[in-house]
Amino acid sequence: MTQDTDHQTEEERNLDTVRRWVDAYNTDVERMVREFYAPDLVVRTMGAGTYTGTDHFLQIELAVLEAAPHRRVRIDHLHATGSVVVAELVLLNPDMGEDWQLPLAAVLEFENGKIKRDRSYHNIGSAFPLWPGL
């Protein structure tokens with residue numbers, strides 16, 4: 001179903017973009033980085049580092065994908081206000097067990113329809129130290 005973006009609010013457009021961003025994360029990580037992030041992005045993964053620019057971020061995501069080829073993310077809740085979407089997500093990696101999960105929240109700031117800043121907060125005390133590729 002195609003969305004009529006001319007009649008959507010900024011929040012509705014950003015929420016639709018986040019849903020497509022998650023789909024791309026699960027199916028085509030290069031498309032996810034190139035299509036959904038601004039070229040001068042800043043990604044801060046609390047406890048794991050800061051990544052700037054799409055080339056740098058793509059290197060990180062490809063390393064994670066190589067280490068965890070079956071990883072996926074699930075949306076639990078989305079919250080939008082203005083140019084910001086807070087996504088409550090769960091990373092899944094069946095290679096680490098069917099019940100393995102890593103809850104996280106991503107604060108996504110949009111500029112010109114792209115994610116300009118991405119700050120992710122993970123449940124570091126649980127599974128994060130075991131997340132492959134980081």
# chains A, B, ... in the order shown; residues from 1 in each chain; ligands from 1

call {"tool": "select_by_dssp", "arguments": {"residues": "chain A", "states": "alpha helix (DSSP H)", "output": "compact mmCIF listing (two decimals) with N, CA and C atoms, in the first residue's frame"}}
result
# COMPACT_ATOMS: atom_id res chain seq x y z
N GLU A 10 4.54 15.47 9.55
CA GLU A 10 5.96 15.14 9.66
C GLU A 10 6.15 13.86 10.47
N GLU A 11 5.40 13.73 11.56
CA GLU A 11 5.51 12.54 12.40
C GLU A 11 5.11 11.28 11.63
N GLU A 12 4.02 11.35 10.87
CA GLU A 12 3.58 10.18 10.10
C GLU A 12 4.61 9.79 9.04
N ARG A 13 5.19 10.77 8.37
CA ARG A 13 6.25 10.47 7.38
C ARG A 13 7.44 9.80 8.05
N ASN A 14 7.85 10.36 9.19
CA ASN A 14 9.01 9.79 9.89
C ASN A 14 8.73 8.39 10.41
N LEU A 15 7.52 8.14 10.91
CA LEU A 15 7.17 6.79 11.36
C LEU A 15 7.18 5.81 10.20
N ASP A 16 6.65 6.20 9.04
CA ASP A 16 6.70 5.34 7.85
C ASP A 16 8.14 5.05 7.46
N THR A 17 8.98 6.08 7.53
CA THR A 17 10.40 5.90 7.18
C THR A 17 11.07 4.91 8.13
N VAL A 18 10.77 5.00 9.42
CA VAL A 18 11.37 4.08 10.39
C VAL A 18 10.93 2.64 10.12
N ARG A 19 9.68 2.45 9.76
CA ARG A 19 9.21 1.09 9.43
C ARG A 19 9.97 0.54 8.21
N ARG A 20 10.19 1.37 7.20
CA ARG A 20 10.94 0.94 6.01
C ARG A 20 12.42 0.75 6.36
N TRP A 21 12.95 1.57 7.27
CA TRP A 21 14.33 1.47 7.74
C TRP A 21 14.56 0.11 8.41
N VAL A 22 13.61 -0.32 9.26
CA VAL A 22 13.72 -1.61 9.91
C VAL A 22 13.67 -2.74 8.88
N ASP A 23 12.77 -2.63 7.92
CA ASP A 23 12.69 -3.64 6.86
C ASP A 23 14.02 -3.73 6.11
N ALA A 24 14.62 -2.59 5.80
CA ALA A 24 15.91 -2.61 5.10
C ALA A 24 17.01 -3.19 5.98
N TYR A 25 17.00 -2.90 7.28
CA TYR A 25 17.97 -3.50 8.19
C TYR A 25 17.90 -5.02 8.12
N ASN A 26 16.67 -5.53 8.03
CA ASN A 26 16.47 -6.97 8.03
C ASN A 26 16.74 -7.62 6.67
N THR A 27 16.77 -6.84 5.60
CA THR A 27 16.88 -7.43 4.26
C THR A 27 18.06 -6.94 3.42
N VAL A 29 21.29 -4.36 4.30
CA VAL A 29 21.95 -3.40 5.19
C VAL A 29 22.58 -2.25 4.41
N GLU A 30 23.11 -2.50 3.23
CA GLU A 30 23.69 -1.40 2.46
C GLU A 30 22.61 -0.40 2.05
N ARG A 31 21.47 -0.90 1.62
CA ARG A 31 20.35 -0.02 1.28
C ARG A 31 19.90 0.76 2.51
N MET A 32 19.88 0.09 3.67
CA MET A 32 19.48 0.75 4.90
C MET A 32 20.37 1.96 5.18
N VAL A 33 21.66 1.78 5.07
CA VAL A 33 22.58 2.88 5.36
C VAL A 33 22.49 3.96 4.29
N ARG A 34 22.55 3.59 3.04
CA ARG A 34 22.60 4.57 1.94
C ARG A 34 21.27 5.31 1.73
N GLU A 35 20.16 4.61 1.91
CA GLU A 35 18.86 5.22 1.61
C GLU A 35 18.27 5.98 2.79
N PHE A 36 18.54 5.56 4.00
CA PHE A 36 17.82 6.12 5.14
C PHE A 36 18.64 7.08 6.00
N THR A 54 28.23 7.83 6.16
CA THR A 54 27.65 6.57 5.72
C THR A 54 28.69 5.50 5.43
N ASP A 55 29.86 5.88 4.90
CA ASP A 55 30.88 4.86 4.60
C ASP A 55 31.35 4.17 5.88
N HIS A 56 31.64 4.96 6.92
CA HIS A 56 32.09 4.41 8.19
C HIS A 56 31.00 3.52 8.81
N PHE A 57 29.76 4.03 8.81
CA PHE A 57 28.67 3.28 9.40
C PHE A 57 28.40 1.99 8.63
N LEU A 58 28.50 2.04 7.31
CA LEU A 58 28.30 0.83 6.51
C LEU A 58 29.35 -0.22 6.84
N GLN A 59 30.60 0.18 7.05
CA GLN A 59 31.64 -0.79 7.44
C GLN A 59 31.24 -1.50 8.73
N ILE A 60 30.74 -0.76 9.70
CA ILE A 60 30.33 -1.35 10.98
C ILE A 60 29.17 -2.33 10.76
N GLU A 61 28.16 -1.89 10.01
CA GLU A 61 26.99 -2.75 9.79
C GLU A 61 27.35 -4.01 9.00
N LEU A 62 28.26 -3.90 8.05
CA LEU A 62 28.68 -5.09 7.29
C LEU A 62 29.45 -6.05 8.19
N ALA A 63 30.25 -5.54 9.12
CA ALA A 63 30.97 -6.40 10.07
C ALA A 63 29.99 -7.13 10.97
N VAL A 64 28.95 -6.43 11.43
CA VAL A 64 27.92 -7.07 12.26
C VAL A 64 27.20 -8.14 11.45
N LEU A 65 26.84 -7.81 10.20
CA LEU A 65 26.13 -8.77 9.35
C LEU A 65 26.98 -10.02 9.09
N GLU A 66 28.27 -9.83 8.88
CA GLU A 66 29.15 -10.99 8.66
C GLU A 66 29.21 -11.87 9.90
N ALA A 67 29.27 -11.24 11.07
CA ALA A 67 29.36 -12.00 12.32
C ALA A 67 28.01 -12.58 12.73

call {"tool": "atom_distance", "arguments": {"atom1": "atom CA of Val43 of chain A", "atom2": "atom CA of Ile115 of chain A"}}
result
9.5 Å

call {"tool": "closest_residue", "arguments": {"among": "A:Thr9, A:His122, A:Trp100, A:Arg117", "to": "Thr50 of chain A", "atoms": "only C-alpha atoms"}}
result
A:Arg117

call {"tool": "select_by_dssp", "arguments": {"residues": "chain A", "states": "strand (DSSP E or B)", "output": "MDAnalysis selection string"}}
result
chainID A and resid 37:45 49:52 72:81 84:92 101:111 114:122

call {"tool": "atom_distance", "arguments": {"atom1": "atom CA of Ala68 of chain A", "atom2": "atom CA of Pro39 of chain A"}}
result
25.2 Å

call {"tool": "closest_residue", "arguments": {"among": "A:Val107, A:Ala38, A:Leu102, A:Met46", "to": "Thr81 of chain A", "atoms": "only C-alpha atoms"}}
result
A:Val107
